[in-house]
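What follows is query02.tsv (TSV, C-alpha atoms).
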```
chain	number	residue	atom	x	y	z
Z	1	ALA	CA	101.11	-120.00	184.19
Z	2	ASP	CA	103.80	-118.89	186.66
Z	3	ALA	CA	106.38	-121.12	185.02
Z	4	ALA	CA	105.46	-119.77	181.60
Z	5	GLU	CA	105.79	-116.23	182.90
Z	6	GLU	CA	109.18	-117.01	184.41
Z	7	THR	CA	110.37	-118.44	181.12
Z	8	THR	CA	109.24	-115.29	179.31
Z	9	VAL	CA	111.01	-113.10	181.89
Z	10	SER	CA	114.23	-115.06	181.66
Z	11	ALA	CA	114.04	-115.16	177.86
Z	12	GLU	CA	113.68	-111.39	177.91
Z	13	LEU	CA	116.61	-111.05	180.27
Z	14	VAL	CA	118.75	-113.29	178.08
Z	15	ALA	CA	117.83	-111.24	175.02
Z	16	GLN	CA	118.52	-108.01	176.88
Z	17	ARG	CA	121.94	-109.25	177.99
Z	18	LYS	CA	122.79	-110.41	174.51
Z	19	ARG	CA	121.94	-106.95	173.18
Z	20	ALA	CA	124.12	-105.34	175.86
Z	21	VAL	CA	127.08	-107.57	174.95
Z	22	ASP	CA	126.61	-107.03	171.21
Z	23	GLU	CA	126.45	-103.29	171.72
Z	24	TRP	CA	129.57	-103.29	173.89
Z	25	ASN	CA	131.54	-105.49	171.49
Z	26	ALA	CA	130.53	-103.44	168.44
Z	27	TRP	CA	131.65	-100.28	170.23
Z	28	ARG	CA	134.96	-101.88	171.23
Z	29	VAL	CA	135.66	-102.89	167.62
Z	30	ARG	CA	134.82	-99.40	166.32
Z	31	VAL	CA	136.94	-97.61	168.93
Z	32	GLY	CA	139.75	-100.16	168.52
Z	33	GLU	CA	140.04	-99.16	164.87
Z	34	GLU	CA	140.16	-95.48	165.81
Z	35	VAL	CA	142.88	-96.09	168.38
Z	36	GLU	CA	144.87	-98.04	165.79
Z	37	GLU	CA	144.54	-95.18	163.31
Z	38	VAL	CA	145.77	-92.62	165.83
Z	39	ARG	CA	148.71	-94.85	166.77
Z	40	ARG	CA	149.64	-95.38	163.12
Z	41	ALA	CA	149.48	-91.66	162.37
Z	42	ARG	CA	151.66	-90.89	165.39
Z	43	GLY	CA	154.11	-93.66	164.45
Z	44	GLU	CA	154.46	-92.24	160.94
Z	45	LEU	CA	155.03	-88.76	162.36
Z	46	VAL	CA	157.72	-90.03	164.72
Z	47	ALA	CA	159.40	-91.94	161.87
Z	48	ARG	CA	159.36	-88.84	159.65
Z	49	ILE	CA	160.88	-86.63	162.36
Z	50	GLN	CA	163.57	-89.22	162.99
Z	51	GLU	CA	164.36	-89.44	159.29
Z	52	GLU	CA	164.60	-85.67	158.98
Z	53	THR	CA	166.84	-85.41	162.03
Z	54	GLU	CA	169.12	-88.11	160.65
Z	55	LYS	CA	169.30	-86.32	157.30
Z	56	GLU	CA	170.19	-83.06	159.02
Z	57	GLN	CA	172.87	-84.77	161.05
Z	58	GLU	CA	174.34	-86.29	157.91
Z	59	GLN	CA	174.42	-82.90	156.23
Z	60	ASP	CA	176.13	-81.44	159.30
Z	61	LYS	CA	178.73	-84.18	159.12
Z	62	GLU	CA	179.42	-83.50	155.45
Z	63	GLU	CA	179.86	-79.81	156.16
Z	64	ILE	CA	182.37	-80.56	158.90
Z	65	GLU	CA	184.35	-82.75	156.55
Q	1	MET	CA	141.57	-116.77	196.59
Q	2	ARG	CA	144.61	-116.60	198.81
Q	3	PRO	CA	145.10	-113.11	200.15
Q	4	ILE	CA	148.59	-111.87	200.97
Q	5	LEU	CA	148.76	-109.16	203.59
Q	6	LEU	CA	151.47	-106.57	202.96
Q	7	GLN	CA	152.60	-104.90	206.17
Q	8	GLY	CA	155.00	-102.11	205.45
Q	9	HIS	CA	153.02	-98.95	205.93
Q	10	GLU	CA	152.21	-97.29	209.22
Q	11	ARG	CA	149.36	-95.15	207.96
Q	12	SER	CA	146.58	-95.27	205.40
Q	13	LEU	CA	147.29	-96.10	201.79
Q	14	THR	CA	146.67	-93.41	199.18
Q	15	GLN	CA	147.43	-95.17	195.88
Q	16	ILE	CA	148.65	-98.58	194.73
Q	17	LYS	CA	149.65	-99.63	191.22
Q	18	PHE	CA	151.00	-102.66	189.38
Q	19	ASN	CA	153.76	-102.08	186.84
Q	20	GLN	CA	153.04	-102.98	183.22
Q	21	GLU	CA	154.56	-106.47	183.57
Q	22	GLY	CA	152.63	-107.09	186.75
Q	23	ASP	CA	155.57	-108.50	188.69
Q	24	LEU	CA	155.78	-105.43	190.93
Q	25	LEU	CA	153.26	-103.61	193.07
Q	26	PHE	CA	153.92	-100.04	194.19
Q	27	SER	CA	152.20	-98.43	197.15
Q	28	CYS	CA	152.25	-94.97	198.70
Q	29	SER	CA	150.87	-93.76	201.98
Q	30	LYS	CA	150.30	-91.02	204.50
Q	31	ASP	CA	153.42	-92.33	206.27
Q	32	HIS	CA	155.55	-90.42	203.69
Q	33	ILE	CA	156.89	-93.68	202.21
Q	34	ILE	CA	156.64	-95.45	198.87
Q	35	ASN	CA	157.10	-99.22	198.86
Q	36	VAL	CA	157.60	-101.72	196.07
Q	37	TRP	CA	156.64	-105.40	196.49
Q	38	PHE	CA	156.91	-108.58	194.48
Q	39	SER	CA	153.30	-109.13	193.51
Q	40	HIS	CA	153.50	-112.95	193.50
Q	41	ASN	CA	154.60	-113.39	197.13
Q	42	GLY	CA	154.23	-109.98	198.75
Q	43	GLU	CA	157.89	-109.73	199.65
Q	44	ARG	CA	159.08	-106.14	199.96
Q	45	LEU	CA	161.67	-105.32	197.35
Q	46	GLY	CA	162.43	-101.79	198.43
Q	47	THR	CA	161.45	-98.38	199.71
Q	48	TYR	CA	161.66	-94.93	198.18
Q	49	ASN	CA	162.59	-92.55	200.99
Q	50	GLY	CA	162.66	-88.78	200.77
Q	51	HIS	CA	159.22	-87.20	200.87
Q	52	ASN	CA	158.36	-85.18	203.97
Q	53	GLY	CA	154.61	-85.47	203.81
Q	54	THR	CA	151.77	-87.73	202.71
Q	55	VAL	CA	152.59	-89.29	199.35
Q	56	TRP	CA	149.30	-88.86	197.53
Q	57	THR	CA	150.11	-90.39	194.21
Q	58	ILE	CA	152.54	-92.49	192.16
Q	59	ASP	CA	152.96	-93.75	188.61
Q	60	MET	CA	155.54	-95.82	186.79
Q	61	ASP	CA	156.56	-95.68	183.14
Q	62	SER	CA	155.82	-98.68	180.91
Q	63	LYS	CA	159.41	-100.00	181.22
Q	64	SER	CA	159.41	-99.83	185.06
Q	65	PHE	CA	162.45	-97.59	184.74
Q	66	PHE	CA	161.13	-94.37	186.28
Q	67	LEU	CA	158.76	-93.85	189.18
Q	68	VAL	CA	157.11	-90.46	189.68
Q	69	SER	CA	155.48	-89.42	192.94
Q	70	GLY	CA	153.50	-86.45	194.27
Q	71	SER	CA	153.30	-85.40	197.89
Q	72	ALA	CA	151.79	-83.06	200.47
Q	73	ASP	CA	155.34	-81.69	200.91
Q	74	ASN	CA	154.68	-79.77	197.65
Q	75	GLU	CA	157.15	-81.90	195.73
Q	76	MET	CA	157.02	-84.14	192.72
Q	77	ARG	CA	159.91	-86.58	192.58
Q	78	LEU	CA	161.38	-88.78	189.90
Q	79	TRP	CA	162.94	-92.03	191.12
Q	80	SER	CA	164.92	-94.89	189.65
Q	81	VAL	CA	162.68	-97.92	190.11
Q	82	GLN	CA	165.66	-100.26	190.29
Q	83	THR	CA	168.07	-98.41	192.58
Q	84	GLY	CA	165.51	-96.54	194.69
Q	85	LYS	CA	167.48	-93.32	194.18
Q	86	CYS	CA	165.70	-90.00	193.83
Q	87	LEU	CA	166.75	-88.59	190.45
Q	88	PHE	CA	165.01	-85.24	190.41
Q	89	VAL	CA	162.76	-83.02	192.55
Q	90	TRP	CA	160.25	-80.45	191.32
Q	91	GLU	CA	158.92	-78.00	193.91
Q	92	PHE	CA	155.53	-76.30	193.83
Q	93	PRO	CA	153.62	-73.79	196.00
Q	94	THR	CA	151.08	-76.47	197.03
Q	95	ALA	CA	150.61	-80.23	197.41
Q	96	VAL	CA	150.80	-82.59	194.43
Q	97	LYS	CA	147.60	-84.63	194.34
Q	98	ARG	CA	147.91	-86.69	191.18
Q	99	VAL	CA	150.59	-87.73	188.70
Q	100	ALA	CA	150.39	-89.84	185.53
Q	101	PHE	CA	152.74	-90.90	182.73
Q	102	SER	CA	151.83	-90.67	179.04
Q	103	ASP	CA	151.72	-93.98	177.13
Q	104	ASP	CA	155.02	-93.19	175.35
Q	105	ASP	CA	156.68	-92.47	178.75
Q	106	LYS	CA	157.82	-89.08	177.49
Q	107	GLN	CA	155.56	-86.87	179.59
Q	108	VAL	CA	154.10	-86.61	183.05
Q	109	VAL	CA	150.95	-84.69	183.95
Q	110	CYS	CA	150.41	-83.50	187.53
Q	111	ILE	CA	147.75	-81.74	189.56
Q	112	THR	CA	148.69	-79.32	192.32
Q	113	GLU	CA	146.19	-78.31	194.94
Q	114	GLN	CA	144.34	-75.03	195.16
Q	115	ARG	CA	145.28	-73.46	198.49
Q	116	MET	CA	146.14	-70.20	200.29
Q	117	GLY	CA	146.02	-67.85	197.35
Q	118	HIS	CA	147.29	-70.42	194.88
Q	119	GLN	CA	145.09	-71.65	192.06
Q	120	GLY	CA	144.91	-75.35	191.38
Q	121	ALA	CA	147.12	-76.14	188.41
Q	122	ILE	CA	147.72	-78.83	185.84
Q	123	ARG	CA	151.28	-79.04	184.57
Q	124	ILE	CA	152.79	-81.22	181.89
Q	125	PHE	CA	156.50	-82.03	182.02
Q	126	ASP	CA	158.68	-83.54	179.32
Q	127	ILE	CA	160.71	-86.35	180.83
Q	128	ASN	CA	164.28	-86.53	179.60
Q	129	ARG	CA	165.03	-90.24	179.19
Q	130	ASP	CA	168.61	-89.76	178.01
Q	131	GLY	CA	171.33	-90.53	180.53
Q	132	ASP	CA	170.64	-91.36	184.16
Q	133	GLY	CA	167.43	-89.35	184.50
Q	134	THR	CA	168.92	-86.62	186.69
Q	135	GLN	CA	168.83	-84.02	183.91
Q	136	GLN	CA	165.23	-82.80	183.90
Q	137	SER	CA	163.72	-79.46	183.12
Q	138	LEU	CA	162.34	-77.55	186.10
Q	139	GLU	CA	159.86	-75.77	183.85
Q	140	PRO	CA	156.74	-77.51	182.61
Q	141	THR	CA	156.14	-77.68	178.88
Q	142	SER	CA	152.67	-76.35	179.61
Q	143	MET	CA	150.60	-75.29	182.59
Q	144	PHE	CA	147.01	-74.24	183.03
Q	145	HIS	CA	144.41	-73.54	185.68
Q	146	PRO	CA	141.06	-75.24	185.14
Q	147	VAL	CA	138.36	-72.68	185.88
Q	148	GLY	CA	135.45	-73.72	188.07
Q	149	SER	CA	135.72	-76.95	189.99
Q	150	LYS	CA	139.11	-78.22	191.21
Q	151	ALA	CA	140.67	-81.14	189.32
Q	152	THR	CA	141.20	-84.21	191.50
Q	153	VAL	CA	142.42	-86.81	188.99
Q	154	CYS	CA	144.08	-86.71	185.56
Q	155	ALA	CA	145.47	-88.92	182.79
Q	156	PHE	CA	146.59	-88.98	179.16
Q	157	PRO	CA	143.89	-90.57	176.95
Q	158	TYR	CA	144.74	-92.12	173.56
Q	159	MET	CA	143.87	-88.90	171.73
Q	160	PRO	CA	147.11	-86.91	171.28
Q	161	GLY	CA	147.35	-83.45	172.82
Q	162	LEU	CA	144.54	-83.88	175.34
Q	163	ILE	CA	144.42	-84.29	179.11
Q	164	LEU	CA	141.58	-86.11	180.79
Q	165	THR	CA	140.44	-84.84	184.20
Q	166	GLY	CA	137.96	-85.60	186.96
Q	167	HIS	CA	136.81	-82.84	189.30
Q	168	GLU	CA	135.56	-82.08	192.78
Q	169	SER	CA	132.12	-81.17	191.42
Q	170	GLY	CA	131.72	-84.54	189.71
Q	171	LYS	CA	132.68	-83.14	186.34
Q	172	VAL	CA	134.80	-85.07	183.84
Q	173	ALA	CA	136.60	-83.04	181.17
Q	174	LEU	CA	139.13	-82.98	178.33
Q	175	PHE	CA	141.66	-80.14	178.16
Q	176	ASP	CA	143.94	-79.07	175.35
Q	177	ALA	CA	147.40	-79.91	176.75
Q	178	GLN	CA	149.00	-76.83	175.17
Q	179	THR	CA	146.44	-74.06	175.57
Q	180	GLY	CA	144.63	-75.32	178.65
Q	181	GLU	CA	141.31	-74.77	176.93
Q	182	GLU	CA	138.51	-77.03	178.07
Q	183	VAL	CA	137.70	-78.93	174.89
Q	184	LEU	CA	134.85	-81.07	176.18
Q	185	SER	CA	133.12	-81.70	179.49
Q	186	ASN	CA	130.44	-83.75	181.12
Q	187	GLU	CA	129.36	-81.57	184.03
Q	188	ARG	CA	127.10	-84.26	185.45
Q	189	ALA	CA	129.34	-87.28	185.06
Q	190	HIS	CA	129.05	-87.61	188.85
Q	191	MET	CA	127.10	-85.73	191.52
Q	192	ASP	CA	130.04	-85.49	193.95
Q	193	VAL	CA	133.87	-85.61	194.06
Q	194	VAL	CA	135.55	-87.84	191.48
Q	195	THR	CA	137.95	-89.91	193.61
Q	196	ASP	CA	139.67	-92.13	191.05
Q	197	LEU	CA	140.12	-92.46	187.30
Q	198	GLN	CA	141.68	-95.52	185.66
Q	199	LEU	CA	142.10	-96.01	181.93
Q	200	SER	CA	141.52	-99.12	179.84
Q	201	PRO	CA	144.76	-100.68	178.47
Q	202	ASP	CA	144.31	-98.91	175.12
Q	203	ARG	CA	143.32	-95.65	176.87
Q	204	SER	CA	140.07	-95.38	174.90
Q	205	TYR	CA	137.76	-95.62	177.89
Q	206	PHE	CA	138.02	-95.16	181.62
Q	207	ILE	CA	136.34	-95.89	184.90
Q	208	THR	CA	135.74	-93.29	187.61
Q	209	SER	CA	134.66	-93.64	191.21
Q	210	SER	CA	132.91	-90.96	193.23
Q	211	LYS	CA	131.72	-89.97	196.68
Q	212	ASP	CA	128.26	-90.02	195.05
Q	213	LYS	CA	128.40	-93.83	195.62
Q	214	THR	CA	128.62	-94.70	191.95
Q	215	ALA	CA	131.36	-95.76	189.58
Q	216	ARG	CA	131.04	-95.14	185.87
Q	217	ILE	CA	132.62	-96.18	182.59
Q	218	HIS	CA	133.04	-93.35	180.08
Q	219	ASP	CA	134.13	-93.14	176.46
Q	220	ALA	CA	137.41	-91.17	176.53
Q	221	LYS	CA	136.73	-89.31	173.29
Q	222	THR	CA	133.09	-88.33	173.74
Q	223	LEU	CA	132.93	-88.46	177.57
Q	224	THR	CA	129.65	-90.33	177.18
Q	225	VAL	CA	128.74	-92.41	180.23
Q	226	LEU	CA	128.47	-96.01	179.03
Q	227	LYS	CA	127.94	-97.90	182.28
Q	228	THR	CA	126.94	-97.04	185.84
Q	229	PHE	CA	127.57	-99.11	188.96
Q	230	SER	CA	125.44	-97.89	191.87
Q	231	THR	CA	126.43	-98.88	195.41
Q	232	GLU	CA	125.30	-97.78	198.87
Q	233	THR	CA	128.64	-96.39	199.99
Q	234	PRO	CA	130.96	-93.56	198.97
Q	235	LEU	CA	133.58	-94.92	196.57
Q	236	ASN	CA	137.29	-94.12	196.68
Q	237	SER	CA	138.56	-96.28	193.85
Q	238	ALA	CA	137.48	-98.20	190.77
Q	239	ALA	CA	139.50	-100.51	188.53
Q	240	LEU	CA	138.91	-102.42	185.30
Q	241	ALA	CA	139.77	-106.13	185.36
Q	242	PRO	CA	141.53	-106.90	182.06
Q	243	ASN	CA	140.46	-110.08	180.24
Q	244	MET	CA	137.45	-110.50	182.52
Q	245	PRO	CA	134.12	-108.73	182.23
Q	246	TYR	CA	134.39	-107.21	185.70
Q	247	VAL	CA	135.12	-103.95	187.42
Q	248	LEU	CA	136.31	-103.70	191.03
Q	249	LEU	CA	135.08	-101.01	193.37
Q	250	GLY	CA	136.36	-99.94	196.77
Q	251	GLY	CA	135.19	-97.49	199.37
Q	252	GLY	CA	133.23	-97.48	202.59
Q	253	GLN	CA	131.94	-95.06	205.19
Q	254	GLU	CA	134.61	-93.27	207.20
Q	255	ALA	CA	135.50	-95.03	210.45
Q	256	MET	CA	133.78	-92.30	212.52
Q	257	SER	CA	130.32	-93.22	211.32
Q	258	VAL	CA	130.77	-96.97	211.41
Q	259	THR	CA	129.67	-99.27	214.23
Q	260	THR	CA	132.49	-100.81	216.25
Q	261	THR	CA	131.46	-104.34	215.19
Q	262	SER	CA	132.36	-103.78	211.58
Q	263	LEU	CA	135.65	-102.22	212.67
Q	264	ARG	CA	136.53	-105.38	214.62
Q	265	GLN	CA	135.61	-107.81	211.92
Q	266	GLY	CA	137.37	-106.41	208.89
Q	267	LYS	CA	134.12	-105.99	207.05
Q	268	PHE	CA	135.20	-103.50	204.45
Q	269	GLU	CA	134.77	-105.05	201.04
Q	270	ALA	CA	136.07	-104.95	197.51
Q	271	ARG	CA	133.06	-105.21	195.21
Q	272	PHE	CA	133.00	-107.00	191.88
Q	273	TRP	CA	130.54	-105.81	189.25
Q	274	HIS	CA	129.83	-107.07	185.75
Q	275	ARG	CA	131.05	-104.29	183.52
Q	276	VAL	CA	128.48	-104.77	180.76
Q	277	PHE	CA	125.38	-105.88	182.71
Q	278	GLU	CA	125.97	-103.39	185.56
Q	279	GLU	CA	125.16	-106.04	188.17
Q	280	GLU	CA	127.08	-106.85	191.33
Q	281	VAL	CA	128.62	-110.33	191.16
Q	282	GLY	CA	130.58	-110.62	194.41
Q	283	ARG	CA	132.35	-109.08	197.39
Q	284	VAL	CA	135.62	-109.76	199.18
Q	285	LYS	CA	135.88	-108.78	202.84
Q	286	GLY	CA	139.07	-108.10	204.73
Q	287	HIS	CA	139.96	-104.50	205.41
Q	288	PHE	CA	139.37	-102.84	208.78
Q	289	GLY	CA	138.62	-99.47	207.25
Q	290	PRO	CA	137.50	-98.00	203.94
Q	291	LEU	CA	139.32	-99.15	200.80
Q	292	ASN	CA	141.20	-96.12	199.50
Q	293	THR	CA	142.72	-97.61	196.38
Q	294	ILE	CA	142.30	-100.67	194.16
Q	295	ALA	CA	144.51	-101.97	191.35
Q	296	VAL	CA	144.16	-104.97	189.07
Q	297	HIS	CA	147.14	-106.93	187.70
Q	298	PRO	CA	147.57	-106.03	183.99
Q	299	ALA	CA	146.99	-109.67	183.02
Q	300	GLY	CA	143.88	-109.78	185.18
Q	301	THR	CA	145.29	-112.57	187.35
Q	302	ALA	CA	145.29	-110.72	190.68
Q	303	TYR	CA	144.10	-107.58	192.37
Q	304	ALA	CA	145.28	-105.50	195.30
Q	305	SER	CA	143.53	-103.12	197.65
Q	306	GLY	CA	145.01	-100.46	199.93
Q	307	GLY	CA	143.05	-99.45	202.98
Q	308	GLU	CA	142.55	-96.67	205.45
Q	309	ASP	CA	143.73	-99.39	207.90
Q	310	GLY	CA	147.30	-99.18	206.54
Q	311	PHE	CA	147.24	-102.63	204.94
Q	312	VAL	CA	147.64	-103.73	201.36
Q	313	ARG	CA	145.89	-106.99	200.51
Q	314	VAL	CA	146.88	-108.86	197.36
Q	315	HIS	CA	144.52	-111.52	196.03
Q	316	HIS	CA	145.56	-113.97	193.34
Q	317	PHE	CA	142.51	-115.36	191.59
Q	318	ASP	CA	141.94	-119.14	191.69
Q	319	GLU	CA	141.18	-121.28	188.67
Q	320	SER	CA	137.49	-121.13	189.53
Q	321	TYR	CA	137.44	-117.36	189.01
Q	322	PHE	CA	138.53	-117.81	185.41
Q	323	LYS	CA	136.19	-120.73	184.80
Q	324	THR	CA	133.12	-119.08	186.27
Q	325	ARG	CA	130.79	-117.76	183.62
Q	326	PRO	CA	127.90	-116.40	185.65
Q	327	TYR	CA	126.29	-115.05	182.51
Q	328	GLY	CA	127.02	-117.76	179.97
Q	329	GLU	CA	129.74	-118.22	177.38
Q	330	THR	CA	129.45	-114.89	175.56
Q	331	GLU	CA	132.77	-113.29	174.78
Q	332	ILE	CA	133.13	-109.72	176.01
Q	333	LEU	CA	135.86	-107.67	174.41
Q	334	ASN	CA	138.35	-105.92	176.64
```

Write-out of the structure in structure tokens:
Amino acid sequence: ADAAEETTVSAELVAQRKRAVDEWNAWRVRVGEEVEEVRRARGELVARIQEETEKEQEQDKEEIE
Amino acid sequence: MRPILLQGHERSLTQIKFNQEGDLLFSCSKDHIINVWFSHNGERLGTYNGHNGTVWTIDMDSKSFFLVSGSADNEMRLWSVQTGKCLFVWEFPTAVKRVAFSDDDKQVVCITEQRMGHQGAIRIFDINRDGDGTQQSLEPTSMFHPVGSKATVCAFPYMPGLILTGHESGKVALFDAQTGEEVLSNERAHMDVVTDLQLSPDRSYFITSSKDKTARIHDAKTLTVLKTFSTETPLNSAALAPNMPYVLLGGGQEAMSVTTTSLRQGKFEARFWHRVFEEEVGRVKGHFGPLNTIAVHPAGTAYASGGEDGFVRVHHFDESYFKTRPYGETEILN
């Protein structure tokens, strides 16, 4: 009976640990996507500012000429 | 694990950090000095001399180009990592307790202490990366005074425009970097002083340590506590081990309240906990006083601890550490 009980306990523990890992991994995937989105948005913003600055500089150059 | 003992400080360590590549380890101390070491053999590469008080805090940019430091001499300094030259000095009315770079290396956030009629302040500086680094603005791009409990630690999370803080009361909070408004807080993140805060590589979660004897993992955006690691000793530092499912905790009772036996034997331990199962998996003895600061190599191949005893101990993990799967073959995402 003791052995059976132990098996049940360890089976429960294994199941509990599996749930904990699944939960953690699911959360990491979800947050990873969010982080990616933020990075992409920031990258696009930086690219746009750079483009605008370059355009302005070109215009300045033309005016000087 | 082969420990390397770094002897180059005469007083207790306050913070240690690996650079992003992991080839260098930086350390600062109450002896007013900052040292840089080769992490693979513990050879000292250089020293950053100039502060006239305890150096409480350091951080490096992601390129290992600039080093920023904060000290009890009320100064924050910018250094060239390579030449060891001080490039710029900012002066404040009180001590600088914490500094941190943003992930794009363009900003630094710092905490100055509340003292003698001066409020504690959080300032954000733009770092001018053009030229040799000596042309910096004396004025912060923003500055605010958190009301209520003093801020003890700070960092830039992945969310733009926000500053993450830990406080003396145990609170963890998010502040608007421009307005200084407290956007979100978890008043009961800890029950006592937050002593350390280290971000995950993608800055989406972080681990804190506290005098309340626990370390916790929090979601950076929601400030939800995800994991708790409960020990029997006040904690000074907590670090995430990349690519392994562990966290490392360091602390210990102050030397005053410790029996002389443990002082003689170097019994102060770094503690390894499973980050998902919240169970302790191992301890590494060695220090002769409390562990003040812990850092893990960015590739997860080594860790270092800085002690109240003035020593830095670097441990490179053996093969067995990577092969050990105490909880089976399940993959745990970083």

*Compile the residues of chain Z that lie within 10 Å of chain Q, evaluated using all atoms listed in the file, and express the compilation as a list in words.*
Val14, Gln16, Arg17, Lys18, Ala20, Val21, Asp22, Glu23, Trp24, Asn25, Ala26, Trp27, Arg28, Val29, Val31, Gly32, Glu34, Val35, Glu36, Val38, Arg39 and Arg42 of chain Z

*atom CA of Leu67 of chain Q and atom CA of Glu91 of chain Q, how far apart in Å?*
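Distance between the two atoms: 16.5 Å.
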
*Just how far from atom CA of Leu25 of chain Q is atom CA of Ser210 of chain Q, in Å to one decimal?*
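Computed distance, atom CA of Ser210 of chain Q to atom CA of Leu25 of chain Q, equals 24.0 Å.
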
*asked:* One decimal, in Å: what's the spacing between atom CA of Ala295 of chain Q and atom CA of Ile16 of chain Q?
replied: 6.3 Å

_Using all atoms listed in the file, which protein or nucleic acid residues come within 8 Å of Val108 of chain Q? Drop anything in the same chain fewer than 4 positions from it, and give the result as a ChimeraX atom specification._
/Q:99-102,124-127

Spatial neighbours of Asp212 of chain Q, 9 Å, all atoms listed in the file, chain gap at least 6 places, as a short mmCIF file (atom, residue, chain, number, x, y, z; two decimals) with C-alpha atoms, keeping the file's coordinate frame:
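File produced: around-v6.cif:
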```cif
data_model
loop_
_atom_site.label_atom_id
_atom_site.label_comp_id
_atom_site.auth_asym_id
_atom_site.auth_seq_id
_atom_site.Cartn_x
_atom_site.Cartn_y
_atom_site.Cartn_z
CA GLY Q 170 131.72 -84.54 189.71
CA HIS Q 190 129.05 -87.61 188.85
CA MET Q 191 127.10 -85.73 191.52
CA ASP Q 192 130.04 -85.49 193.95
CA VAL Q 193 133.87 -85.61 194.06
CA VAL Q 194 135.55 -87.84 191.48
CA SER Q 230 125.44 -97.89 191.87
CA THR Q 233 128.64 -96.39 199.99
CA PRO Q 234 130.96 -93.56 198.97
CA LEU Q 235 133.58 -94.92 196.57
#
```

*Could you give me, as a list in words, the residues that have an atom at most 9 Å away from the point (159.4, -102.6, 187.4) in the coordinates of the file, using all atoms listed in the file?*
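Those within range, by chain then number, are Phe18, Asn19, Gln20, Glu21, Gly22, Asp23, Leu24, Leu25, Val36, Met60, Asp61, Ser62, Lys63, Ser64, Phe65, Phe66, Leu67, Val81 and Gln82 of chain Q.
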
As AutoDock Vina command-line options, please report the centre and edge lengths, rounded to one decimal in Å, of the axis-aligned box that holds all listed atoms of segment 48-62 of chain Z with 4 Å of padding on each of the six sides.
```
--center_x 169.4 --center_y -85.4 --center_z 159.2 --size_x 28.1 --size_y 16.0 --size_z 15.5
```

Would you kindly place N, CA and C atoms on segment 115-129 of chain Q and return the model as a PDB file, in the coordinates of the input?
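Result saved to part.pdb:
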```
ATOM      1  N   ARG Q 115     145.129 -73.692 197.049  1.00  0.00           N
ATOM      2  CA  ARG Q 115     145.280 -73.460 198.490  1.00  0.00           C
ATOM      3  C   ARG Q 115     145.944 -72.122 198.757  1.00  0.00           C
ATOM      4  N   MET Q 116     145.502 -71.424 199.795  1.00  0.00           N
ATOM      5  CA  MET Q 116     146.140 -70.200 200.290  1.00  0.00           C
ATOM      6  C   MET Q 116     146.604 -69.275 199.172  1.00  0.00           C
ATOM      7  N   GLY Q 117     145.678 -68.807 198.391  1.00  0.00           N
ATOM      8  CA  GLY Q 117     146.020 -67.850 197.350  1.00  0.00           C
ATOM      9  C   GLY Q 117     146.656 -68.453 196.112  1.00  0.00           C
ATOM     10  N   HIS Q 118     146.756 -69.766 196.079  1.00  0.00           N
ATOM     11  CA  HIS Q 118     147.290 -70.420 194.880  1.00  0.00           C
ATOM     12  C   HIS Q 118     146.181 -71.182 194.167  1.00  0.00           C
ATOM     13  N   GLN Q 119     146.078 -70.931 192.870  1.00  0.00           N
ATOM     14  CA  GLN Q 119     145.090 -71.650 192.060  1.00  0.00           C
ATOM     15  C   GLN Q 119     145.534 -73.099 191.885  1.00  0.00           C
ATOM     16  N   GLY Q 120     144.577 -73.983 191.750  1.00  0.00           N
ATOM     17  CA  GLY Q 120     144.910 -75.350 191.380  1.00  0.00           C
ATOM     18  C   GLY Q 120     145.490 -75.335 189.975  1.00  0.00           C
ATOM     19  N   ALA Q 121     146.490 -76.162 189.729  1.00  0.00           N
ATOM     20  CA  ALA Q 121     147.120 -76.140 188.410  1.00  0.00           C
ATOM     21  C   ALA Q 121     147.349 -77.531 187.864  1.00  0.00           C
ATOM     22  N   ILE Q 122     147.323 -77.611 186.546  1.00  0.00           N
ATOM     23  CA  ILE Q 122     147.720 -78.830 185.840  1.00  0.00           C
ATOM     24  C   ILE Q 122     148.970 -78.495 185.048  1.00  0.00           C
ATOM     25  N   ARG Q 123     150.015 -79.267 185.277  1.00  0.00           N
ATOM     26  CA  ARG Q 123     151.280 -79.040 184.570  1.00  0.00           C
ATOM     27  C   ARG Q 123     151.674 -80.306 183.815  1.00  0.00           C
ATOM     28  N   ILE Q 124     152.286 -80.090 182.661  1.00  0.00           N
ATOM     29  CA  ILE Q 124     152.790 -81.220 181.890  1.00  0.00           C
ATOM     30  C   ILE Q 124     154.303 -81.038 181.744  1.00  0.00           C
ATOM     31  N   PHE Q 125     155.041 -82.069 182.114  1.00  0.00           N
ATOM     32  CA  PHE Q 125     156.500 -82.030 182.020  1.00  0.00           C
ATOM     33  C   PHE Q 125     156.985 -83.024 180.974  1.00  0.00           C
ATOM     34  N   ASP Q 126     157.976 -82.593 180.187  1.00  0.00           N
ATOM     35  CA  ASP Q 126     158.680 -83.540 179.320  1.00  0.00           C
ATOM     36  C   ASP Q 126     159.693 -84.265 180.188  1.00  0.00           C
ATOM     37  N   ILE Q 127     159.739 -85.573 180.066  1.00  0.00           N
ATOM     38  CA  ILE Q 127     160.710 -86.350 180.830  1.00  0.00           C
ATOM     39  C   ILE Q 127     161.890 -86.697 179.934  1.00  0.00           C
ATOM     40  N   ASN Q 128     163.065 -86.247 180.353  1.00  0.00           N
ATOM     41  CA  ASN Q 128     164.280 -86.530 179.600  1.00  0.00           C
ATOM     42  C   ASN Q 128     164.735 -87.954 179.936  1.00  0.00           C
ATOM     43  N   ARG Q 129     164.697 -88.830 178.955  1.00  0.00           N
ATOM     44  CA  ARG Q 129     165.030 -90.240 179.190  1.00  0.00           C
ATOM     45  C   ARG Q 129     166.473 -90.560 178.815  1.00  0.00           C
TER      46      ARG Q 129
END
```
